[in-house]
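Shown next: target-v3.txt, containing compact mmCIF, C-alpha atoms and all ligand atoms.
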```txt
# COMPACT_ATOMS: atom_id res chain seq x y z
CA MET C 9 100.75 32.00 -110.28
CA THR C 10 100.73 28.36 -109.13
CA ALA C 11 104.13 26.80 -108.49
CA LYS C 12 105.16 24.31 -111.16
CA PRO C 13 105.76 20.86 -109.65
CA TYR C 14 108.66 19.88 -111.89
CA HIS C 15 112.12 21.36 -112.37
CA VAL C 16 113.98 20.85 -115.67
CA TYR C 17 117.69 21.63 -116.02
CA ILE C 18 119.23 22.37 -119.45
CA THR C 19 123.01 21.89 -119.65
CA ARG C 20 123.52 24.62 -122.30
CA LYS C 21 121.22 27.43 -123.40
CA ILE C 22 119.00 26.34 -126.31
CA PRO C 23 116.70 28.34 -128.66
CA GLN C 24 113.85 30.09 -126.86
CA PRO C 25 110.86 28.22 -128.41
CA ALA C 26 111.85 25.03 -126.57
CA ILE C 27 112.36 26.89 -123.29
CA ASP C 28 108.94 28.54 -123.74
CA LEU C 29 107.34 25.14 -124.34
CA LEU C 30 108.97 23.64 -121.25
CA GLU C 31 108.00 26.64 -119.13
CA GLU C 32 104.31 25.95 -119.87
CA HIS C 33 104.77 22.80 -117.77
CA CYS C 34 107.85 23.16 -115.56
CA THR C 35 110.31 25.44 -113.87
CA VAL C 36 113.34 25.69 -116.16
CA THR C 37 116.92 26.59 -115.30
CA TYR C 38 119.95 26.28 -117.52
CA ASN C 39 123.72 26.56 -117.53
CA GLU C 40 124.44 30.26 -117.84
CA ILE C 41 128.24 30.02 -118.24
CA GLU C 42 127.99 29.48 -122.03
CA ASP C 43 130.50 26.63 -122.00
CA ALA C 44 130.37 22.88 -121.47
CA LEU C 45 129.93 21.88 -117.83
CA THR C 46 132.80 19.99 -116.22
CA PRO C 47 131.88 16.55 -114.82
CA GLU C 48 131.82 18.05 -111.32
CA GLN C 49 129.57 20.95 -112.41
CA LEU C 50 127.27 18.47 -114.19
CA LYS C 51 127.00 16.31 -111.05
CA ALA C 52 126.02 19.32 -108.95
CA ALA C 53 123.59 20.70 -111.56
CA VAL C 54 121.55 17.50 -112.07
CA ARG C 55 120.82 16.93 -108.37
CA ASP C 56 117.14 17.31 -107.39
CA LYS C 57 116.02 17.96 -111.02
CA ASP C 58 113.05 16.05 -112.43
CA ALA C 59 114.39 16.10 -115.99
CA ILE C 60 117.67 16.97 -117.69
CA LEU C 61 118.03 18.31 -121.23
CA SER C 62 121.62 17.38 -122.18
CA MET C 63 124.19 17.92 -124.93
CA PHE C 64 126.05 15.09 -126.75
CA TYR C 65 129.27 15.90 -124.87
CA ASP C 66 127.74 15.63 -121.36
CA LYS C 67 128.92 12.22 -120.24
CA PHE C 68 126.27 10.49 -118.13
CA THR C 69 128.49 7.87 -116.51
CA PRO C 70 127.13 5.73 -113.64
CA GLU C 71 128.76 8.23 -111.26
CA VAL C 72 126.90 11.18 -112.82
CA LEU C 73 123.67 9.14 -113.04
CA ASP C 74 123.91 8.52 -109.28
CA CYS C 75 123.59 12.28 -108.83
CA CYS C 76 120.37 12.31 -110.92
CA ASN C 77 118.48 11.42 -107.76
CA LYS C 78 115.07 12.67 -108.98
CA ALA C 79 115.46 12.60 -112.78
CA LYS C 80 112.82 10.71 -114.71
CA ILE C 81 114.40 11.47 -118.10
CA ILE C 82 117.62 12.66 -119.68
CA ALA C 83 116.70 14.09 -123.09
CA ASN C 84 119.70 14.53 -125.39
CA PHE C 85 119.74 17.57 -127.70
CA ALA C 86 121.31 15.36 -130.43
CA VAL C 87 120.58 12.25 -132.46
CA GLY C 88 123.86 10.62 -131.34
CA PHE C 89 123.75 9.25 -127.78
CA GLU C 90 127.14 7.69 -127.09
CA ASN C 91 127.38 10.00 -124.05
CA LEU C 92 124.55 8.13 -122.33
CA ASP C 93 125.19 4.89 -120.44
CA ILE C 94 121.97 3.14 -121.45
CA PRO C 95 122.17 0.04 -119.17
CA ALA C 96 123.14 2.20 -116.15
CA ALA C 97 120.27 4.66 -116.76
CA THR C 98 117.80 1.81 -117.31
CA GLU C 99 118.88 0.19 -114.04
CA ARG C 100 118.24 3.52 -112.26
CA GLY C 101 114.78 3.94 -113.85
CA ILE C 102 115.72 6.94 -115.97
CA TYR C 103 114.35 7.25 -119.50
CA LEU C 104 116.72 8.45 -122.22
CA SER C 105 115.77 10.12 -125.50
CA ASN C 106 117.37 11.73 -128.56
CA THR C 107 116.26 14.00 -131.45
CA PRO C 108 116.16 11.83 -134.58
CA GLY C 109 114.90 13.09 -137.94
CA VAL C 110 114.89 16.85 -137.46
CA LEU C 111 118.57 17.26 -138.34
CA ASN C 112 118.76 15.01 -141.41
CA ILE C 113 118.71 17.79 -143.99
CA ALA C 114 121.09 20.15 -142.17
CA THR C 115 123.66 17.39 -141.62
CA ALA C 116 123.41 15.98 -145.16
CA GLU C 117 123.78 19.52 -146.54
CA THR C 118 126.93 19.93 -144.41
CA ALA C 119 128.36 16.78 -146.00
CA TRP C 120 127.63 18.19 -149.45
CA ALA C 121 129.19 21.53 -148.50
CA LEU C 122 132.37 19.67 -147.51
CA ILE C 123 132.36 17.60 -150.71
CA PHE C 124 132.38 20.71 -152.90
CA ALA C 125 134.76 22.60 -150.63
CA VAL C 126 137.30 19.76 -150.93
CA ALA C 127 136.70 19.01 -154.63
CA ARG C 128 137.24 22.64 -155.66
CA ASN C 129 139.58 23.60 -152.81
CA ILE C 130 137.30 26.50 -151.85
CA PRO C 131 139.10 27.55 -148.61
CA ALA C 132 142.41 27.99 -150.49
CA MET C 133 140.65 29.74 -153.40
CA ASP C 134 139.05 32.16 -150.95
CA ALA C 135 142.50 32.81 -149.41
CA VAL C 136 143.88 33.63 -152.88
CA CYS C 137 141.20 36.26 -153.46
CA ARG C 138 141.87 37.81 -150.04
CA THR C 139 145.48 38.55 -151.08
CA GLY C 140 144.00 41.12 -153.49
CA LYS C 141 145.27 39.45 -156.66
CA MET C 142 144.80 36.08 -158.32
CA ASP C 143 147.17 34.37 -160.77
CA SER C 144 146.45 35.36 -164.39
CA TRP C 145 143.77 33.03 -165.73
CA SER C 146 145.30 29.83 -167.04
CA PRO C 147 143.86 26.60 -168.49
CA PHE C 148 145.72 24.77 -165.72
CA GLY C 149 145.05 27.26 -162.91
CA TYR C 150 143.33 26.23 -159.70
CA LEU C 151 142.04 22.90 -161.03
CA GLY C 152 139.69 20.80 -158.94
CA GLN C 153 137.50 17.71 -159.39
CA GLU C 154 134.02 17.47 -160.89
CA ILE C 155 131.34 15.74 -158.78
CA THR C 156 128.48 15.14 -161.24
CA GLY C 157 128.46 11.55 -162.47
CA LYS C 158 131.04 10.34 -159.94
CA THR C 159 130.24 7.36 -157.71
CA LEU C 160 129.07 8.20 -154.20
CA GLY C 161 129.65 5.65 -151.43
CA VAL C 162 127.55 6.14 -148.28
CA ILE C 163 128.53 4.32 -145.08
CA GLY C 164 125.38 4.08 -142.94
CA ALA C 165 122.08 4.53 -144.78
CA GLY C 166 119.83 5.56 -141.90
CA ARG C 167 118.07 8.89 -141.63
CA ILE C 168 121.00 11.15 -142.58
CA GLY C 169 122.68 8.71 -145.00
CA SER C 170 119.34 8.31 -146.83
CA ALA C 171 118.95 12.11 -147.08
CA MET C 172 122.47 12.25 -148.52
CA ILE C 173 121.59 9.56 -151.08
CA ARG C 174 118.39 11.33 -152.15
CA MET C 175 120.31 14.58 -152.72
CA ALA C 176 122.90 12.75 -154.86
CA LYS C 177 120.23 12.04 -157.48
CA GLY C 178 120.50 15.71 -158.47
CA PHE C 179 124.13 15.16 -159.46
CA ALA C 180 123.41 12.01 -161.48
CA MET C 181 125.70 9.98 -159.27
CA PRO C 182 125.75 6.18 -159.18
CA ILE C 183 125.35 5.33 -155.48
CA LEU C 184 126.76 2.50 -153.38
CA TYR C 185 125.88 2.16 -149.72
CA THR C 186 126.55 -0.09 -146.79
CA ALA C 187 124.62 -0.66 -143.55
CA HIS C 188 123.73 -3.64 -141.37
CA SER C 189 120.95 -4.59 -143.75
CA PRO C 190 119.79 -3.57 -147.27
CA LYS C 191 117.10 -0.88 -147.66
CA PRO C 192 114.83 -2.07 -150.53
CA GLU C 193 112.61 1.06 -150.51
CA LEU C 194 115.58 3.40 -150.69
CA GLU C 195 117.05 1.31 -153.50
CA GLN C 196 113.79 1.47 -155.43
CA GLU C 197 113.52 5.23 -154.96
CA THR C 198 117.14 6.17 -155.71
CA GLY C 199 118.79 3.27 -157.53
CA ALA C 200 121.36 2.97 -154.72
CA ILE C 201 123.10 -0.40 -154.54
CA PHE C 202 123.85 -2.23 -151.27
CA THR C 203 127.39 -3.54 -151.00
CA ASP C 204 130.03 -4.57 -148.47
CA LEU C 205 132.36 -1.94 -147.05
CA ASP C 206 135.48 -3.08 -148.95
CA THR C 207 133.73 -2.92 -152.34
CA LEU C 208 132.31 0.51 -151.50
CA LEU C 209 135.77 1.80 -150.57
CA GLN C 210 137.36 0.43 -153.74
CA LYS C 211 134.71 1.66 -156.19
CA SER C 212 133.58 5.04 -154.83
CA ASP C 213 134.92 8.46 -155.80
CA ILE C 214 133.30 10.23 -152.85
CA ILE C 215 132.83 8.39 -149.54
CA SER C 216 130.57 9.90 -146.89
CA ILE C 217 130.25 8.44 -143.38
CA HIS C 218 126.84 8.44 -141.61
CA ALA C 219 127.08 5.54 -139.14
CA PRO C 220 126.86 6.08 -135.37
CA ALA C 221 129.74 5.90 -132.90
CA THR C 222 129.57 2.44 -131.33
CA PRO C 223 132.26 -0.03 -130.19
CA GLU C 224 131.74 -1.73 -133.60
CA THR C 225 132.40 1.44 -135.64
CA LYS C 226 135.45 2.69 -133.69
CA TYR C 227 138.22 3.25 -136.29
CA LEU C 228 136.03 1.78 -139.04
CA ILE C 229 138.29 3.74 -141.38
CA SER C 230 141.96 3.08 -140.62
CA LYS C 231 145.07 2.51 -142.73
CA PRO C 232 143.87 -0.70 -144.49
CA GLN C 233 140.58 0.94 -145.51
CA LEU C 234 142.31 4.14 -146.67
CA GLU C 235 144.67 2.01 -148.77
CA MET C 236 141.66 0.42 -150.50
CA MET C 237 140.34 3.80 -151.70
CA LYS C 238 141.13 5.34 -155.09
CA PRO C 239 144.01 7.86 -155.07
CA THR C 240 141.45 10.37 -156.39
CA ALA C 241 138.94 9.62 -153.61
CA ILE C 242 137.47 12.22 -151.27
CA LEU C 243 136.46 11.08 -147.75
CA ILE C 244 133.80 13.00 -145.80
CA ASN C 245 132.94 12.51 -142.12
CA THR C 246 129.98 14.28 -140.53
CA ALA C 247 129.17 11.35 -138.20
CA ARG C 248 131.59 11.12 -135.27
CA GLY C 249 135.38 11.54 -135.04
CA GLN C 250 135.90 8.07 -133.55
CA LEU C 251 134.92 6.42 -136.85
CA ILE C 252 138.23 7.45 -138.45
CA ASN C 253 141.70 6.79 -137.04
CA THR C 254 142.96 10.38 -137.25
CA GLN C 255 146.67 9.50 -137.33
CA ASP C 256 145.99 7.16 -140.28
CA LEU C 257 144.00 9.90 -142.03
CA ILE C 258 146.88 12.36 -141.59
CA TRP C 259 149.25 9.74 -143.05
CA ALA C 260 146.90 9.12 -146.03
CA LEU C 261 146.48 12.83 -146.81
CA GLU C 262 150.20 13.62 -146.41
CA ASN C 263 151.16 10.77 -148.72
CA LYS C 264 148.34 11.40 -151.24
CA VAL C 265 146.94 7.91 -150.64
CA ILE C 266 143.59 9.66 -151.17
CA ALA C 267 143.00 13.05 -152.78
CA GLY C 268 141.27 14.86 -149.97
CA ALA C 269 138.99 14.80 -146.97
CA GLY C 270 136.34 16.94 -145.32
CA ILE C 271 135.57 16.49 -141.64
CA ASP C 272 133.03 18.08 -139.30
CA VAL C 273 133.79 15.87 -136.29
CA PHE C 274 136.95 15.06 -134.35
CA GLU C 275 138.25 12.31 -132.09
CA ASN C 276 138.90 14.54 -129.09
CA GLU C 277 136.42 17.41 -129.38
CA PRO C 278 136.59 20.29 -128.69
CA TYR C 279 140.26 19.81 -129.64
CA VAL C 280 141.46 19.45 -133.23
CA THR C 281 144.07 16.69 -133.45
CA PRO C 282 147.49 18.29 -134.03
CA GLY C 283 148.73 17.70 -137.57
CA LEU C 284 145.33 18.16 -139.22
CA GLU C 285 145.84 21.92 -139.48
CA LYS C 286 148.89 21.44 -141.75
CA LEU C 287 147.05 19.50 -144.46
CA SER C 288 146.16 21.50 -147.56
CA ASN C 289 143.95 18.71 -148.94
CA LEU C 290 141.71 18.72 -145.86
CA VAL C 291 138.72 20.98 -145.16
CA MET C 292 137.48 21.13 -141.57
CA ALA C 293 134.34 22.44 -139.88
CA PRO C 294 133.78 22.73 -136.12
CA HIS C 295 130.91 20.21 -135.70
CA ILE C 296 128.32 22.30 -137.55
CA GLY C 297 126.25 19.41 -138.97
CA SER C 298 122.99 20.51 -137.35
CA ALA C 299 123.97 24.18 -137.01
CA THR C 300 121.10 25.98 -138.69
CA TYR C 301 118.71 28.00 -136.55
CA GLU C 302 115.63 26.15 -137.79
CA THR C 303 117.18 22.76 -137.04
CA ARG C 304 118.36 23.81 -133.58
CA VAL C 305 114.81 25.06 -132.80
CA ASN C 306 113.39 21.71 -133.89
CA MET C 307 115.99 19.77 -131.88
CA GLY C 308 115.03 21.80 -128.81
CA LEU C 309 111.30 21.26 -129.35
CA THR C 310 111.85 17.52 -129.87
CA ALA C 311 113.86 17.22 -126.64
CA ALA C 312 111.25 19.31 -124.78
CA ARG C 313 108.39 17.09 -126.03
CA ASN C 314 110.23 14.01 -124.77
CA ILE C 315 110.55 15.60 -121.33
CA ILE C 316 106.92 16.77 -121.18
CA ALA C 317 105.66 13.30 -122.13
CA VAL C 318 107.59 11.68 -119.29
CA LEU C 319 106.49 14.28 -116.74
CA LYS C 320 102.89 13.50 -117.79
CA GLY C 321 103.54 9.82 -117.07
CA GLU C 322 103.88 8.81 -120.73
CA MET C 323 106.67 7.14 -122.70
CA PRO C 324 108.94 9.70 -124.47
CA PRO C 325 108.28 9.64 -128.24
CA ASN C 326 112.01 9.16 -128.97
CA CYS C 327 112.77 6.73 -126.15
CA LEU C 328 116.15 4.96 -126.23
CA ASN C 329 115.39 2.60 -123.30
CA PRO C 330 111.66 1.73 -123.11
CA GLU C 331 112.53 -0.98 -120.59
CA ALA C 332 113.50 1.60 -117.93
CA LYS C 333 111.22 1.21 -114.88
CA GLN C 334 110.15 4.66 -113.75
CA LYS C 335 110.85 5.95 -110.24
P1 LIG C 401 120.59 6.26 -137.99
O1 LIG C 401 119.30 6.64 -138.65
O2 LIG C 401 120.57 5.39 -136.78
O3 LIG C 401 121.50 5.60 -139.13
C1 LIG C 401 122.71 4.97 -138.86
C2 LIG C 401 123.03 4.05 -140.01
O4 LIG C 401 124.33 3.48 -139.77
C3 LIG C 401 122.07 2.87 -140.19
O5 LIG C 401 121.75 2.72 -141.55
C4 LIG C 401 122.87 1.66 -139.71
O6 LIG C 401 122.55 0.45 -140.40
C5 LIG C 401 124.25 2.10 -140.11
N1 LIG C 401 125.33 1.41 -139.39
C6 LIG C 401 125.43 1.14 -138.08
N2 LIG C 401 126.57 0.47 -137.83
C7 LIG C 401 127.19 0.33 -139.03
C8 LIG C 401 128.40 -0.27 -139.44
N3 LIG C 401 129.22 -0.87 -138.56
N4 LIG C 401 128.73 -0.23 -140.76
C9 LIG C 401 127.91 0.37 -141.65
N5 LIG C 401 126.74 0.95 -141.32
C10 LIG C 401 126.41 0.93 -140.02
O7 LIG C 401 121.40 7.57 -137.57
P2 LIG C 401 121.30 9.04 -138.19
O8 LIG C 401 120.19 9.78 -137.55
O9 LIG C 401 121.37 8.93 -139.67
O10 LIG C 401 122.66 9.66 -137.62
C11 LIG C 401 123.92 9.08 -137.92
C12 LIG C 401 125.00 9.68 -137.06
O11 LIG C 401 125.29 10.99 -137.50
C13 LIG C 401 124.61 9.89 -135.58
O12 LIG C 401 124.78 8.72 -134.83
C14 LIG C 401 125.50 11.01 -135.15
O13 LIG C 401 126.65 10.46 -134.55
C15 LIG C 401 125.88 11.70 -136.44
N6 LIG C 401 125.41 13.10 -136.51
C16 LIG C 401 126.32 14.11 -136.60
C17 LIG C 401 125.89 15.41 -136.69
C18 LIG C 401 126.86 16.55 -136.81
O14 LIG C 401 126.59 17.63 -136.28
N7 LIG C 401 127.97 16.40 -137.51
C19 LIG C 401 124.52 15.71 -136.69
C20 LIG C 401 123.62 14.65 -136.60
C21 LIG C 401 124.08 13.36 -136.51
P3 LIG C 401 121.10 -0.28 -140.23
O15 LIG C 401 120.08 0.73 -140.70
O16 LIG C 401 121.16 -1.43 -141.18
O17 LIG C 401 120.98 -0.64 -138.79
```

Reformat the file's structure so that it appears as structure tokens.
Amino acid sequence: MTAKPYHVYITRKIPQPAIDLLEEHCTVTYNEIEDALTPEQLKAAVRDKDAILSMFYDKFTPEVLDCCNKAKIIANFAVGFENLDIPAATERGIYLSNTPGVLNIATAETAWALIFAVARNIPAMDAVCRTGKMDSWSPFGYLGQEITGKTLGVIGAGRIGSAMIRMAKGFAMPILYTAHSPKPELEQETGAIFTDLDTLLQKSDIISIHAPATPETKYLISKPQLEMMKPTAILINTARGQLINTQDLIWALENKVIAGAGIDVFENEPYVTPGLEKLSNLVMAPHIGSATYETRVNMGLTAARNIIAVLKGEMPPNCLNPEAKQK
């Protein structure tokens, strides 16, 4: 067998089809400890590797990038890329890529799962059944909210936000959305209406966040925005924890400023901010947006294809910094 000229390092084991694809072209090693690498472990692991396949929590700071002495590409196994210092990688001639598109459905479905879980208080209803006996059936027992016909407000109408909007048609929901710019084709297809954030917050019954984590979106939803929402409103976040000020959310849920919330992402992952666990009108999931086997396979294959392209001397199909000058 001829030795493969390139060595790819994967920072956390991924589904086998992507490893098989990479192994057709390169030598592959991966983190075998089944936990996130510490910054020191990451620095040691990336040295002398031609390509890195990384997770969204691996922070590629300038210091870590300096240890990527041979890397031609860092391919994130995620659509979000706030862990990558784009200017610093560009300066060092390292391409960066992400996995857009393949996780739209899984993440939008997670948002819908949270909507219904909050609206009908499913976790608490499940807990009732597990006691072995429910209250005798009553016209006022275990009441929740109906979703069909309610107004959906979508913050960020990109790939995942658009998938969310398309699914809402099935529930006959009027749709408001906000983004940097209007999306005429999406409007034509779904009847969604572009609006400013304040109007969306005031008029929507269900608000679902699908904007990226950027300096601009940090604490996009804080006390003033929560105060604008209807007292019956349900807030869903499957984007990133930094978009909501968690202390303000706890205050809003404790004081019934809004009716409920469902969150899949947290400010300080992998930790859950203390106080959230006490809220009965909150449903939480441990960052499972893309967590279906088929989506994780496709994320792996997408990241692998980005790496293979660069090792062949081509631009990665999902390049985040085309201006990077290759080593
Ligand atoms: P995308 O296609 O880039 O869409 C982002 C949307 O946000 C765009 O419509 C953009 O507007 C809009 N936007 C940006 N800044 C905004 C602001 N300040 N106010 C309102 N809208 C703003 O991204 P995507 O693929 O849909 O992914 C969205 C995010 O979901 C990712 O960045 C990631 O953090 C998160 N995510 C989470 C999971 C999970 O496991 N929970 C899984 C996948 C993704 P324009 O189109 O006008 O520029």

All residues having an atom within 9 Å of ligand LIG 401 (chain C) (only C-alpha atoms and all ligand atoms) as a CSV table (one decimal) with C-alpha atoms, keeping the file's coordinate frame:
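Result saved to result_37.csv:
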```csv
chain,number,residue,atom,x,y,z
C,86,ALA,CA,121.3,15.4,-130.4
C,87,VAL,CA,120.6,12.2,-132.5
C,88,GLY,CA,123.9,10.6,-131.3
C,89,PHE,CA,123.8,9.2,-127.8
C,90,GLU,CA,127.1,7.7,-127.1
C,107,THR,CA,116.3,14.0,-131.4
C,108,PRO,CA,116.2,11.8,-134.6
C,109,GLY,CA,114.9,13.1,-137.9
C,110,VAL,CA,114.9,16.8,-137.5
C,111,LEU,CA,118.6,17.3,-138.3
C,112,ASN,CA,118.8,15.0,-141.4
C,114,ALA,CA,121.1,20.2,-142.2
C,115,THR,CA,123.7,17.4,-141.6
C,116,ALA,CA,123.4,16.0,-145.2
C,118,THR,CA,126.9,19.9,-144.4
C,119,ALA,CA,128.4,16.8,-146.0
C,162,VAL,CA,127.6,6.1,-148.3
C,163,ILE,CA,128.5,4.3,-145.1
C,164,GLY,CA,125.4,4.1,-142.9
C,165,ALA,CA,122.1,4.5,-144.8
C,166,GLY,CA,119.8,5.6,-141.9
C,167,ARG,CA,118.1,8.9,-141.6
C,168,ILE,CA,121.0,11.2,-142.6
C,169,GLY,CA,122.7,8.7,-145.0
C,170,SER,CA,119.3,8.3,-146.8
C,171,ALA,CA,119.0,12.1,-147.1
C,185,TYR,CA,125.9,2.2,-149.7
C,186,THR,CA,126.6,-0.1,-146.8
C,187,ALA,CA,124.6,-0.7,-143.6
C,188,HIS,CA,123.7,-3.6,-141.4
C,189,SER,CA,121.0,-4.6,-143.8
C,190,PRO,CA,119.8,-3.6,-147.3
C,191,LYS,CA,117.1,-0.9,-147.7
C,204,ASP,CA,130.0,-4.6,-148.5
C,205,LEU,CA,132.4,-1.9,-147.0
C,217,ILE,CA,130.2,8.4,-143.4
C,218,HIS,CA,126.8,8.4,-141.6
C,219,ALA,CA,127.1,5.5,-139.1
C,220,PRO,CA,126.9,6.1,-135.4
C,221,ALA,CA,129.7,5.9,-132.9
C,222,THR,CA,129.6,2.4,-131.3
C,223,PRO,CA,132.3,0.0,-130.2
C,224,GLU,CA,131.7,-1.7,-133.6
C,225,THR,CA,132.4,1.4,-135.6
C,226,LYS,CA,135.4,2.7,-133.7
C,228,LEU,CA,136.0,1.8,-139.0
C,245,ASN,CA,132.9,12.5,-142.1
C,246,THR,CA,130.0,14.3,-140.5
C,247,ALA,CA,129.2,11.4,-138.2
C,248,ARG,CA,131.6,11.1,-135.3
C,249,GLY,CA,135.4,11.5,-135.0
C,271,ILE,CA,135.6,16.5,-141.6
C,272,ASP,CA,133.0,18.1,-139.3
C,273,VAL,CA,133.8,15.9,-136.3
C,294,PRO,CA,133.8,22.7,-136.1
C,295,HIS,CA,130.9,20.2,-135.7
C,296,ILE,CA,128.3,22.3,-137.6
C,297,GLY,CA,126.2,19.4,-139.0
C,298,SER,CA,123.0,20.5,-137.4
C,299,ALA,CA,124.0,24.2,-137.0
```

So which residues are close to (129.4, 8.0, -110.6), meaning at most 12 Å away in the file's coordinates with all atoms listed in the file counted, and can you show them as an mmCIF file with C-alpha atoms, in the frame of the given file?
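Result file point-v4.cif:
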```cif
data_model
loop_
_atom_site.group_PDB
_atom_site.id
_atom_site.type_symbol
_atom_site.label_atom_id
_atom_site.label_comp_id
_atom_site.auth_asym_id
_atom_site.auth_seq_id
_atom_site.Cartn_x
_atom_site.Cartn_y
_atom_site.Cartn_z
ATOM 1 C CA PRO C 47 131.880 16.550 -114.820
ATOM 2 C CA GLU C 48 131.820 18.050 -111.320
ATOM 3 C CA LEU C 50 127.270 18.470 -114.190
ATOM 4 C CA LYS C 51 127.000 16.310 -111.050
ATOM 5 C CA ALA C 52 126.020 19.320 -108.950
ATOM 6 C CA LYS C 67 128.920 12.220 -120.240
ATOM 7 C CA PHE C 68 126.270 10.490 -118.130
ATOM 8 C CA THR C 69 128.490 7.870 -116.510
ATOM 9 C CA PRO C 70 127.130 5.730 -113.640
ATOM 10 C CA GLU C 71 128.760 8.230 -111.260
ATOM 11 C CA VAL C 72 126.900 11.180 -112.820
ATOM 12 C CA LEU C 73 123.670 9.140 -113.040
ATOM 13 C CA ASP C 74 123.910 8.520 -109.280
ATOM 14 C CA CYS C 75 123.590 12.280 -108.830
ATOM 15 C CA CYS C 76 120.370 12.310 -110.920
ATOM 16 C CA ASN C 77 118.480 11.420 -107.760
ATOM 17 C CA ASP C 93 125.190 4.890 -120.440
ATOM 18 C CA ALA C 96 123.140 2.200 -116.150
ATOM 19 C CA ALA C 97 120.270 4.660 -116.760
#
```

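By only C-alpha atoms, and with residues fewer than 6 positions from C:Met323 along its chain excluded, the set lying at most 12 Å from it is Lys80, Ile81, Ile102, Tyr103, Leu104, Ser105, Arg313, Asn314, Ile315, Ile316, Ala317, Asn329, Pro330, Glu331, Ala332, Lys333 and Gln334 of chain C.
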
Length of the atom CA of C:Thr203 to atom CA of C:Leu184 vector [Å] | 6.5 Å

Env of C:Asn39: 8 Å cut, atoms = only C-alpha atoms, seq-sep filter 3 positions within chain, self excluded. Answer as a PDB file with C-alpha atoms, keeping the file's coordinate frame.
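Here's the written file result-v9.pdb:
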```pdb
ATOM      1  CA  TYR C  17     117.690  21.630-116.020  1.00  0.00           C
ATOM      2  CA  ILE C  18     119.230  22.370-119.450  1.00  0.00           C
ATOM      3  CA  THR C  19     123.010  21.890-119.650  1.00  0.00           C
ATOM      4  CA  ARG C  20     123.520  24.620-122.300  1.00  0.00           C
ATOM      5  CA  LYS C  21     121.220  27.430-123.400  1.00  0.00           C
ATOM      6  CA  GLU C  42     127.990  29.480-122.030  1.00  0.00           C
ATOM      7  CA  LEU C  45     129.930  21.880-117.830  1.00  0.00           C
TER       8      LEU C  45
END
```

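With only C-alpha atoms as the atoms that count, the minimum distance from C:Gly268 to the choices C:Lys211, C:Lys141, C:Lys238, C:Lys78 is reached by C:Lys238.
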
Could you work out how far atom CA of C:Glu117 lies from atom CA of C:Ile27, giving the answer in Å with one decimal?
-> 26.9 Å

re atom CA of C:His15 and atom CA of C:Asp58: distance 5.4 Å

Of C:Ala135, C:Ala59, C:Ala260, C:Leu194, the one nearest to C:Asn84 when counting all atoms listed in the file is C:Ala59

Name the closest residue to C:Leu328 among the candidates C:Leu92, C:Ile252, C:Cys34, C:Ala44; distances are taken between atoms, counting all atoms listed in the file.
->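 Result for the nearest residue to C:Leu328: C:Leu92.
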
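Of the residues listed (C:Val36, C:Asp28, C:Val16, C:Gly161), C:Val16 shows the shortest atom-to-atom separation from C:Val54; distances use only C-alpha atoms.
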
Hey, which of C:Arg128, C:Arg100, C:Lys231, C:Lys320 ends up closest to C:Tyr150? Count all atoms listed in the file.
->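 With all atoms listed in the file as the atom set, the closest residue is C:Arg128.
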
Among listed residues C:Gln250, C:Ser212, C:Thr303, C:Thr240, nearest C:Glu275 (using all atoms listed in the file) = C:Gln250
